[in-house]
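Text of the file model_0.txt, holding compact mmCIF, N, CA and C atoms:
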# COMPACT_ATOMS: atom_id res chain seq x y z
N MET A 1 -50.40 -5.38 -72.36
CA MET A 1 -50.26 -6.74 -71.90
C MET A 1 -50.83 -6.83 -70.50
N LEU A 2 -51.67 -7.82 -70.29
CA LEU A 2 -52.33 -8.04 -69.00
C LEU A 2 -52.01 -9.44 -68.51
N PRO A 3 -52.05 -9.66 -67.18
CA PRO A 3 -51.85 -11.03 -66.70
C PRO A 3 -52.97 -11.94 -67.22
N GLY A 4 -52.61 -13.15 -67.57
CA GLY A 4 -53.60 -14.11 -68.04
C GLY A 4 -54.34 -14.77 -66.89
N LYS A 5 -55.27 -15.63 -67.22
CA LYS A 5 -56.06 -16.33 -66.21
C LYS A 5 -55.28 -17.49 -65.58
N SER A 6 -54.14 -17.85 -66.20
CA SER A 6 -53.28 -18.90 -65.65
C SER A 6 -51.83 -18.48 -65.83
N ASN A 7 -50.91 -19.28 -65.29
CA ASN A 7 -49.49 -18.98 -65.43
C ASN A 7 -48.97 -19.21 -66.84
N THR A 8 -49.76 -19.82 -67.68
CA THR A 8 -49.28 -20.15 -69.03
C THR A 8 -49.87 -19.25 -70.11
N THR A 9 -50.67 -18.26 -69.72
CA THR A 9 -51.27 -17.37 -70.71
C THR A 9 -51.05 -15.90 -70.33
N ALA A 10 -51.13 -15.07 -71.34
CA ALA A 10 -51.12 -13.61 -71.17
C ALA A 10 -52.28 -13.06 -71.97
N GLU A 11 -52.75 -11.90 -71.59
CA GLU A 11 -53.85 -11.27 -72.31
C GLU A 11 -53.39 -9.94 -72.89
N PHE A 12 -53.87 -9.65 -74.08
CA PHE A 12 -53.56 -8.40 -74.75
C PHE A 12 -54.85 -7.72 -75.15
N PHE A 13 -54.93 -6.42 -74.87
CA PHE A 13 -56.12 -5.66 -75.22
C PHE A 13 -55.87 -4.95 -76.54
N SER A 14 -56.76 -5.15 -77.49
CA SER A 14 -56.68 -4.49 -78.78
C SER A 14 -57.57 -3.26 -78.76
N ILE A 15 -56.98 -2.11 -78.87
CA ILE A 15 -57.76 -0.87 -78.93
C ILE A 15 -58.59 -0.84 -80.21
N ALA A 16 -58.00 -1.30 -81.32
CA ALA A 16 -58.68 -1.28 -82.61
C ALA A 16 -59.94 -2.16 -82.58
N ASP A 17 -59.84 -3.35 -81.96
CA ASP A 17 -60.97 -4.27 -81.91
C ASP A 17 -61.82 -4.12 -80.65
N ASN A 18 -61.30 -3.36 -79.66
CA ASN A 18 -61.97 -3.22 -78.37
C ASN A 18 -62.25 -4.61 -77.77
N LYS A 19 -61.20 -5.46 -77.82
CA LYS A 19 -61.35 -6.84 -77.41
C LYS A 19 -60.07 -7.32 -76.72
N VAL A 20 -60.21 -8.26 -75.78
CA VAL A 20 -59.07 -8.88 -75.11
C VAL A 20 -58.77 -10.22 -75.76
N TYR A 21 -57.51 -10.42 -76.14
CA TYR A 21 -57.06 -11.68 -76.73
C TYR A 21 -56.17 -12.41 -75.73
N GLN A 22 -56.35 -13.71 -75.63
CA GLN A 22 -55.55 -14.53 -74.74
C GLN A 22 -54.60 -15.39 -75.58
N ILE A 23 -53.31 -15.36 -75.24
CA ILE A 23 -52.33 -16.14 -75.98
C ILE A 23 -51.46 -16.92 -75.00
N PRO A 24 -50.86 -18.02 -75.46
CA PRO A 24 -49.93 -18.75 -74.60
C PRO A 24 -48.69 -17.89 -74.32
N CYS A 25 -48.19 -17.97 -73.11
CA CYS A 25 -46.97 -17.22 -72.75
C CYS A 25 -45.75 -17.87 -73.39
N PRO A 26 -44.95 -17.08 -74.07
CA PRO A 26 -43.69 -17.62 -74.60
C PRO A 26 -42.74 -17.94 -73.45
N LYS A 27 -41.85 -18.88 -73.69
CA LYS A 27 -40.80 -19.21 -72.71
C LYS A 27 -39.57 -18.39 -73.07
N PRO A 28 -38.78 -17.85 -72.15
CA PRO A 28 -39.06 -17.88 -70.73
C PRO A 28 -40.29 -17.06 -70.39
N MET A 29 -40.84 -17.33 -69.25
CA MET A 29 -42.11 -16.74 -68.81
C MET A 29 -42.06 -15.21 -68.87
N ILE A 30 -43.06 -14.61 -69.49
CA ILE A 30 -43.10 -13.16 -69.62
C ILE A 30 -44.04 -12.50 -68.63
N ARG A 31 -44.74 -13.28 -67.83
CA ARG A 31 -45.74 -12.70 -66.93
C ARG A 31 -45.14 -11.71 -65.94
N ARG A 32 -43.88 -11.86 -65.60
CA ARG A 32 -43.26 -10.99 -64.61
C ARG A 32 -42.56 -9.80 -65.25
N ARG A 33 -42.62 -9.68 -66.54
CA ARG A 33 -41.97 -8.57 -67.22
C ARG A 33 -42.89 -7.37 -67.30
N ILE A 34 -42.27 -6.21 -67.38
CA ILE A 34 -43.00 -4.96 -67.56
C ILE A 34 -42.89 -4.59 -69.04
N CYS A 35 -44.01 -4.27 -69.65
CA CYS A 35 -44.01 -3.84 -71.05
C CYS A 35 -43.80 -2.33 -71.06
N ILE A 36 -42.72 -1.87 -71.73
CA ILE A 36 -42.43 -0.44 -71.77
C ILE A 36 -42.63 0.16 -73.15
N GLY A 37 -43.09 -0.66 -74.09
CA GLY A 37 -43.36 -0.14 -75.42
C GLY A 37 -43.80 -1.23 -76.37
N SER A 38 -44.40 -0.81 -77.46
CA SER A 38 -44.80 -1.76 -78.50
C SER A 38 -44.84 -1.03 -79.83
N SER A 39 -44.48 -1.76 -80.86
CA SER A 39 -44.50 -1.18 -82.19
C SER A 39 -44.32 -2.30 -83.20
N HIS A 40 -45.00 -2.18 -84.34
CA HIS A 40 -44.85 -3.14 -85.44
C HIS A 40 -45.13 -4.58 -85.00
N GLY A 41 -45.99 -4.77 -84.01
CA GLY A 41 -46.34 -6.11 -83.54
C GLY A 41 -45.37 -6.67 -82.50
N TRP A 42 -44.37 -5.91 -82.11
CA TRP A 42 -43.38 -6.35 -81.13
C TRP A 42 -43.57 -5.61 -79.82
N LEU A 43 -43.25 -6.27 -78.71
CA LEU A 43 -43.26 -5.66 -77.39
C LEU A 43 -41.82 -5.47 -76.93
N ILE A 44 -41.58 -4.39 -76.21
CA ILE A 44 -40.30 -4.19 -75.54
C ILE A 44 -40.58 -4.40 -74.06
N THR A 45 -39.92 -5.39 -73.46
CA THR A 45 -40.19 -5.74 -72.08
C THR A 45 -38.92 -5.64 -71.24
N VAL A 46 -39.12 -5.47 -69.93
CA VAL A 46 -38.03 -5.43 -68.96
C VAL A 46 -38.34 -6.46 -67.88
N ASP A 47 -37.36 -7.32 -67.57
CA ASP A 47 -37.60 -8.32 -66.53
C ASP A 47 -37.15 -7.79 -65.16
N GLU A 48 -37.30 -8.62 -64.13
CA GLU A 48 -37.01 -8.19 -62.76
C GLU A 48 -35.52 -7.92 -62.54
N SER A 49 -34.65 -8.35 -63.44
CA SER A 49 -33.21 -8.08 -63.32
C SER A 49 -32.76 -6.94 -64.22
N SER A 50 -33.70 -6.21 -64.79
CA SER A 50 -33.44 -5.06 -65.67
C SER A 50 -32.94 -5.45 -67.05
N ASN A 51 -33.18 -6.68 -67.47
CA ASN A 51 -32.84 -7.10 -68.82
C ASN A 51 -33.99 -6.76 -69.75
N MET A 52 -33.68 -6.15 -70.89
CA MET A 52 -34.70 -5.79 -71.86
C MET A 52 -34.73 -6.81 -72.99
N HIS A 53 -35.94 -7.01 -73.53
CA HIS A 53 -36.15 -7.98 -74.60
C HIS A 53 -37.12 -7.42 -75.63
N LEU A 54 -36.93 -7.80 -76.89
CA LEU A 54 -37.95 -7.62 -77.91
C LEU A 54 -38.70 -8.93 -77.99
N MET A 55 -40.02 -8.86 -78.04
CA MET A 55 -40.79 -10.09 -78.08
C MET A 55 -41.99 -9.91 -79.01
N ASN A 56 -42.22 -10.91 -79.84
CA ASN A 56 -43.41 -10.95 -80.67
C ASN A 56 -44.38 -11.91 -80.01
N PRO A 57 -45.49 -11.42 -79.45
CA PRO A 57 -46.39 -12.29 -78.70
C PRO A 57 -47.11 -13.33 -79.56
N LEU A 58 -47.20 -13.10 -80.86
CA LEU A 58 -47.91 -14.05 -81.72
C LEU A 58 -47.01 -15.18 -82.20
N THR A 59 -45.73 -14.89 -82.43
CA THR A 59 -44.82 -15.92 -82.92
C THR A 59 -43.94 -16.49 -81.81
N SER A 60 -43.94 -15.86 -80.63
CA SER A 60 -43.09 -16.21 -79.48
C SER A 60 -41.61 -15.93 -79.74
N ALA A 61 -41.27 -15.23 -80.82
CA ALA A 61 -39.87 -14.87 -81.07
C ALA A 61 -39.44 -13.85 -80.04
N GLN A 62 -38.24 -14.03 -79.50
CA GLN A 62 -37.69 -13.11 -78.50
C GLN A 62 -36.22 -12.86 -78.79
N PHE A 63 -35.80 -11.64 -78.55
CA PHE A 63 -34.42 -11.26 -78.74
C PHE A 63 -33.99 -10.39 -77.56
N PRO A 64 -32.89 -10.75 -76.90
CA PRO A 64 -32.41 -9.90 -75.81
C PRO A 64 -31.82 -8.62 -76.38
N LEU A 65 -32.04 -7.54 -75.67
CA LEU A 65 -31.43 -6.26 -76.03
C LEU A 65 -30.20 -6.06 -75.14
N PRO A 66 -29.30 -5.16 -75.51
CA PRO A 66 -28.12 -4.95 -74.66
C PRO A 66 -28.53 -4.57 -73.24
N PRO A 67 -27.80 -5.10 -72.24
CA PRO A 67 -28.15 -4.80 -70.85
C PRO A 67 -27.99 -3.31 -70.53
N VAL A 68 -28.78 -2.85 -69.59
CA VAL A 68 -28.72 -1.44 -69.19
C VAL A 68 -27.34 -1.11 -68.62
N THR A 69 -26.63 -2.11 -68.13
CA THR A 69 -25.29 -1.88 -67.58
C THR A 69 -24.25 -1.59 -68.67
N THR A 70 -24.64 -1.67 -69.94
CA THR A 70 -23.72 -1.24 -71.01
C THR A 70 -23.67 0.28 -71.10
N LEU A 71 -24.63 0.97 -70.46
CA LEU A 71 -24.57 2.43 -70.40
C LEU A 71 -23.42 2.80 -69.46
N PRO A 72 -22.65 3.83 -69.81
CA PRO A 72 -21.45 4.14 -69.01
C PRO A 72 -21.74 4.60 -67.59
N PHE A 73 -22.94 4.99 -67.28
CA PHE A 73 -23.24 5.50 -65.95
C PHE A 73 -24.04 4.53 -65.08
N VAL A 74 -24.19 3.26 -65.52
CA VAL A 74 -24.98 2.28 -64.78
C VAL A 74 -24.11 1.08 -64.40
N GLU A 75 -24.14 0.71 -63.11
CA GLU A 75 -23.46 -0.48 -62.63
C GLU A 75 -24.46 -1.34 -61.87
N ALA A 76 -24.32 -2.65 -61.98
CA ALA A 76 -25.21 -3.58 -61.28
C ALA A 76 -24.67 -3.88 -59.88
N VAL A 77 -25.60 -4.07 -58.93
CA VAL A 77 -25.27 -4.53 -57.59
C VAL A 77 -25.78 -5.96 -57.49
N HIS A 78 -24.90 -6.90 -57.08
CA HIS A 78 -25.26 -8.31 -57.02
C HIS A 78 -25.30 -8.82 -55.58
N ASP A 79 -26.19 -9.80 -55.33
CA ASP A 79 -26.20 -10.46 -54.03
C ASP A 79 -25.20 -11.61 -54.04
N SER A 80 -25.15 -12.39 -52.96
CA SER A 80 -24.16 -13.47 -52.85
C SER A 80 -24.38 -14.59 -53.87
N GLN A 81 -25.60 -14.70 -54.43
CA GLN A 81 -25.87 -15.70 -55.47
C GLN A 81 -25.65 -15.15 -56.88
N GLY A 82 -25.22 -13.91 -57.00
CA GLY A 82 -24.96 -13.32 -58.30
C GLY A 82 -26.16 -12.66 -58.95
N ARG A 83 -27.30 -12.61 -58.25
CA ARG A 83 -28.50 -11.97 -58.80
C ARG A 83 -28.39 -10.46 -58.66
N VAL A 84 -28.90 -9.75 -59.65
CA VAL A 84 -28.91 -8.28 -59.60
C VAL A 84 -29.96 -7.85 -58.59
N THR A 85 -29.55 -7.05 -57.61
CA THR A 85 -30.47 -6.57 -56.58
C THR A 85 -30.69 -5.06 -56.64
N GLY A 86 -29.85 -4.37 -57.37
CA GLY A 86 -29.98 -2.93 -57.48
C GLY A 86 -29.08 -2.40 -58.58
N LEU A 87 -29.20 -1.12 -58.82
CA LEU A 87 -28.36 -0.47 -59.83
C LEU A 87 -27.76 0.78 -59.24
N ILE A 88 -26.48 0.99 -59.51
CA ILE A 88 -25.80 2.22 -59.12
C ILE A 88 -25.82 3.13 -60.33
N LEU A 89 -26.39 4.31 -60.15
CA LEU A 89 -26.41 5.30 -61.23
C LEU A 89 -25.35 6.33 -60.92
N ASN A 90 -24.27 6.28 -61.69
CA ASN A 90 -23.18 7.24 -61.53
C ASN A 90 -23.54 8.52 -62.26
N ARG A 91 -22.83 9.55 -61.96
CA ARG A 91 -23.07 10.82 -62.61
C ARG A 91 -22.44 10.82 -64.00
N GLU A 92 -22.99 11.66 -64.85
CA GLU A 92 -22.47 11.79 -66.22
C GLU A 92 -21.02 12.25 -66.17
N ARG A 93 -20.22 11.73 -67.10
CA ARG A 93 -18.80 12.06 -67.14
C ARG A 93 -18.43 12.70 -68.48
N ARG A 94 -17.39 13.52 -68.42
CA ARG A 94 -16.84 14.10 -69.64
C ARG A 94 -16.03 13.04 -70.38
N ALA A 95 -15.61 13.34 -71.60
CA ALA A 95 -14.82 12.40 -72.39
C ALA A 95 -13.51 12.03 -71.68
N ASP A 96 -12.95 12.95 -70.87
CA ASP A 96 -11.70 12.66 -70.18
C ASP A 96 -11.90 11.87 -68.88
N GLY A 97 -13.19 11.53 -68.55
CA GLY A 97 -13.49 10.73 -67.37
C GLY A 97 -13.83 11.51 -66.13
N THR A 98 -13.67 12.83 -66.15
CA THR A 98 -14.00 13.62 -64.96
C THR A 98 -15.52 13.79 -64.87
N ALA A 99 -16.00 13.76 -63.63
CA ALA A 99 -17.44 13.85 -63.39
C ALA A 99 -17.94 15.27 -63.66
N ILE A 100 -19.08 15.37 -64.32
CA ILE A 100 -19.71 16.66 -64.55
C ILE A 100 -20.40 17.10 -63.26
N ASP A 101 -20.97 16.15 -62.57
CA ASP A 101 -21.68 16.40 -61.31
C ASP A 101 -20.85 15.78 -60.20
N ARG A 102 -20.49 16.53 -59.20
CA ARG A 102 -19.60 16.07 -58.14
C ARG A 102 -20.30 15.26 -57.04
N ARG A 103 -21.64 15.16 -57.08
CA ARG A 103 -22.33 14.37 -56.07
C ARG A 103 -21.93 12.90 -56.20
N PRO A 104 -21.94 12.15 -55.09
CA PRO A 104 -21.57 10.73 -55.18
C PRO A 104 -22.64 9.92 -55.91
N PRO A 105 -22.26 8.75 -56.46
CA PRO A 105 -23.25 7.89 -57.11
C PRO A 105 -24.27 7.41 -56.09
N HIS A 106 -25.43 7.02 -56.58
CA HIS A 106 -26.51 6.56 -55.69
C HIS A 106 -26.94 5.16 -56.11
N THR A 107 -27.17 4.29 -55.12
CA THR A 107 -27.66 2.94 -55.39
C THR A 107 -29.17 2.94 -55.27
N TYR A 108 -29.84 2.41 -56.30
CA TYR A 108 -31.29 2.33 -56.33
C TYR A 108 -31.73 0.87 -56.29
N SER A 109 -32.83 0.60 -55.61
CA SER A 109 -33.44 -0.73 -55.69
C SER A 109 -33.91 -0.92 -57.12
N LEU A 110 -34.12 -2.17 -57.53
CA LEU A 110 -34.56 -2.41 -58.91
C LEU A 110 -35.89 -1.72 -59.23
N PRO A 111 -36.91 -1.78 -58.34
CA PRO A 111 -38.15 -1.07 -58.68
C PRO A 111 -37.93 0.44 -58.87
N ASP A 112 -37.09 1.05 -58.02
CA ASP A 112 -36.83 2.49 -58.17
C ASP A 112 -36.03 2.77 -59.44
N ALA A 113 -35.04 1.93 -59.73
CA ALA A 113 -34.25 2.11 -60.95
C ALA A 113 -35.13 1.95 -62.19
N HIS A 114 -36.08 1.01 -62.15
CA HIS A 114 -36.99 0.82 -63.29
C HIS A 114 -37.79 2.09 -63.54
N ARG A 115 -38.27 2.72 -62.47
CA ARG A 115 -39.05 3.96 -62.64
C ARG A 115 -38.21 5.08 -63.24
N ILE A 116 -36.93 5.09 -62.95
CA ILE A 116 -36.05 6.14 -63.46
C ILE A 116 -35.60 5.84 -64.90
N LEU A 117 -35.20 4.61 -65.17
CA LEU A 117 -34.57 4.27 -66.45
C LEU A 117 -35.53 3.83 -67.54
N PHE A 118 -36.63 3.18 -67.18
CA PHE A 118 -37.49 2.55 -68.17
C PHE A 118 -38.87 3.19 -68.19
N ARG A 119 -38.99 4.30 -68.84
CA ARG A 119 -40.29 4.94 -68.96
C ARG A 119 -41.01 4.51 -70.23
N LYS A 120 -40.29 4.56 -71.32
CA LYS A 120 -40.92 4.26 -72.61
C LYS A 120 -39.84 3.85 -73.60
N ALA A 121 -40.16 2.87 -74.41
CA ALA A 121 -39.24 2.44 -75.48
C ALA A 121 -40.01 2.46 -76.79
N ILE A 122 -39.32 2.83 -77.85
CA ILE A 122 -39.95 2.96 -79.16
C ILE A 122 -39.06 2.27 -80.20
N LEU A 123 -39.68 1.52 -81.08
CA LEU A 123 -38.96 0.93 -82.21
C LEU A 123 -39.13 1.85 -83.41
N SER A 124 -38.03 2.15 -84.07
CA SER A 124 -38.14 3.00 -85.25
C SER A 124 -38.51 2.19 -86.49
N ALA A 125 -38.31 0.89 -86.44
CA ALA A 125 -38.66 0.00 -87.56
C ALA A 125 -38.90 -1.39 -87.01
N ALA A 126 -39.62 -2.19 -87.77
CA ALA A 126 -39.88 -3.57 -87.36
C ALA A 126 -38.60 -4.38 -87.46
N PRO A 127 -38.28 -5.16 -86.42
CA PRO A 127 -37.09 -6.01 -86.52
C PRO A 127 -37.36 -7.18 -87.46
N ASP A 128 -36.38 -7.51 -88.26
CA ASP A 128 -36.46 -8.66 -89.15
C ASP A 128 -35.45 -9.69 -88.67
N GLU A 129 -35.85 -10.95 -88.60
CA GLU A 129 -34.94 -11.99 -88.12
C GLU A 129 -33.67 -12.07 -88.94
N GLY A 130 -33.74 -11.77 -90.21
CA GLY A 130 -32.57 -11.88 -91.07
C GLY A 130 -31.72 -10.63 -91.11
N SER A 131 -32.12 -9.56 -90.43
CA SER A 131 -31.37 -8.30 -90.53
C SER A 131 -30.23 -8.27 -89.53
N ALA A 132 -29.34 -7.33 -89.72
CA ALA A 132 -28.22 -7.15 -88.80
C ALA A 132 -28.68 -6.55 -87.49
N ALA A 133 -29.85 -5.92 -87.47
CA ALA A 133 -30.33 -5.27 -86.25
C ALA A 133 -30.77 -6.28 -85.20
N VAL A 134 -31.20 -7.45 -85.63
CA VAL A 134 -31.66 -8.48 -84.69
C VAL A 134 -30.96 -9.78 -85.03
N SER A 135 -30.31 -10.33 -84.01
CA SER A 135 -29.60 -11.58 -84.22
C SER A 135 -29.92 -12.54 -83.08
N SER A 136 -30.13 -13.78 -83.38
CA SER A 136 -30.45 -14.75 -82.34
C SER A 136 -29.21 -15.43 -81.81
N SER A 137 -28.05 -15.11 -82.30
CA SER A 137 -26.83 -15.77 -81.81
C SER A 137 -26.24 -15.06 -80.62
File written out as structure tokens:
Amino acid sequence: MLPGKSNTTAEFFSIADNKVYQIPCPKPMIRRRICIGSSHGWLITVDESSNMHLMNPLTSAQFPLPPVTTLPFVEAVHDSQGRVTGLILNRERRADGTAIDRRPPHTYSLPDAHRILFRKAILSAAPDEGSAAVSSS
């Protein structure tokens, strides 16, 4: 995924066709998202607040994925307006809650946390709108 020539378009490079395709940007705007994977015609994107989404660039279908803060070792840091400004990465814990690593947790800026947490995403199968794996509700 490449930035488009305007705020309303995005460009995609097809390796198979060796060609750049321009498509309208789905709402909400995807230009600021980072693409961390693609499979079966879907993109896995991360926005500036660390929210992940599945998106089909041809149909504009989008589905939010569970937030990274659902992981037991990740906590969000918010500013006074409630926006996520960073992530605290706690150390891995045993089932009884005791820390495996005794070092204190570290707060990362969003760009640094993105480099640590979001390297690559892979879909094992194409999402179907009617399946239990993807729900729009």
Practice item. Report the distance between atom N of Thr9 of chain A and atom N of Ile23 of chain A in Å, rounded to one decimal place. Key: 6.8 Å
Practice item. One decimal, Å: what's the distance from atom N of Tyr108 of chain A over to atom N of Leu123 of chain A, could you say? Key: 26.7 Å
Review point. Quick one, how far is atom N of Ala76 of chain A from atom CA of Asp47 of chain A?
Key: 15.1 Å
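Ranking A:Lys120, A:Leu89, A:Ser49, A:Phe13 by their shortest atom-to-atom distance to Pro105 of chain A, with all atoms listed in the file included, puts A:Leu89 first.
Residues lying within 6 Å of Thr45 of chain A, counting all atoms listed in the file and ignoring same-chain neighbours fewer than 6 positions away, are Arg33, Ile34, Cys35, Ile36, Gly37, Asn51, Met52, His53, Leu54 and Met55 of chain A.
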Can you write out the residues you just picked, keeping N, CA and C atoms, as a PDB file, in the frame of the given file?
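As a result, selection.pdb now contains:
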ATOM      1  N   ARG A  33     -42.620  -9.680 -66.540  1.00  0.00           N
ATOM      2  CA  ARG A  33     -41.970  -8.570 -67.220  1.00  0.00           C
ATOM      3  C   ARG A  33     -42.890  -7.370 -67.300  1.00  0.00           C
ATOM      4  N   ILE A  34     -42.270  -6.210 -67.380  1.00  0.00           N
ATOM      5  CA  ILE A  34     -43.000  -4.960 -67.560  1.00  0.00           C
ATOM      6  C   ILE A  34     -42.890  -4.590 -69.040  1.00  0.00           C
ATOM      7  N   CYS A  35     -44.010  -4.270 -69.650  1.00  0.00           N
ATOM      8  CA  CYS A  35     -44.010  -3.840 -71.050  1.00  0.00           C
ATOM      9  C   CYS A  35     -43.800  -2.330 -71.060  1.00  0.00           C
ATOM     10  N   ILE A  36     -42.720  -1.870 -71.730  1.00  0.00           N
ATOM     11  CA  ILE A  36     -42.430  -0.440 -71.770  1.00  0.00           C
ATOM     12  C   ILE A  36     -42.630   0.160 -73.150  1.00  0.00           C
ATOM     13  N   GLY A  37     -43.090  -0.660 -74.090  1.00  0.00           N
ATOM     14  CA  GLY A  37     -43.360  -0.140 -75.420  1.00  0.00           C
ATOM     15  C   GLY A  37     -43.800  -1.230 -76.370  1.00  0.00           C
ATOM     16  N   ASN A  51     -33.180  -6.680 -67.470  1.00  0.00           N
ATOM     17  CA  ASN A  51     -32.840  -7.100 -68.820  1.00  0.00           C
ATOM     18  C   ASN A  51     -33.990  -6.760 -69.750  1.00  0.00           C
ATOM     19  N   MET A  52     -33.680  -6.150 -70.890  1.00  0.00           N
ATOM     20  CA  MET A  52     -34.700  -5.790 -71.860  1.00  0.00           C
ATOM     21  C   MET A  52     -34.730  -6.810 -72.990  1.00  0.00           C
ATOM     22  N   HIS A  53     -35.940  -7.010 -73.530  1.00  0.00           N
ATOM     23  CA  HIS A  53     -36.150  -7.980 -74.600  1.00  0.00           C
ATOM     24  C   HIS A  53     -37.120  -7.420 -75.630  1.00  0.00           C
ATOM     25  N   LEU A  54     -36.930  -7.800 -76.890  1.00  0.00           N
ATOM     26  CA  LEU A  54     -37.950  -7.620 -77.910  1.00  0.00           C
ATOM     27  C   LEU A  54     -38.700  -8.930 -77.990  1.00  0.00           C
ATOM     28  N   MET A  55     -40.020  -8.860 -78.040  1.00  0.00           N
ATOM     29  CA  MET A  55     -40.790 -10.090 -78.080  1.00  0.00           C
ATOM     30  C   MET A  55     -41.990  -9.910 -79.010  1.00  0.00           C
TER      31      MET A  55
END
Practice item. Find the spatial neighbours of Asn90 of chain A, counting only N, CA and C atoms, within a cut-off of 6 Å - ignore same-chain residues fewer than 2 positions away - and output them as a list in words. Key: Phe73, Val74, Glu75, Ile88, Glu92, Pro105 and His106 of chain A
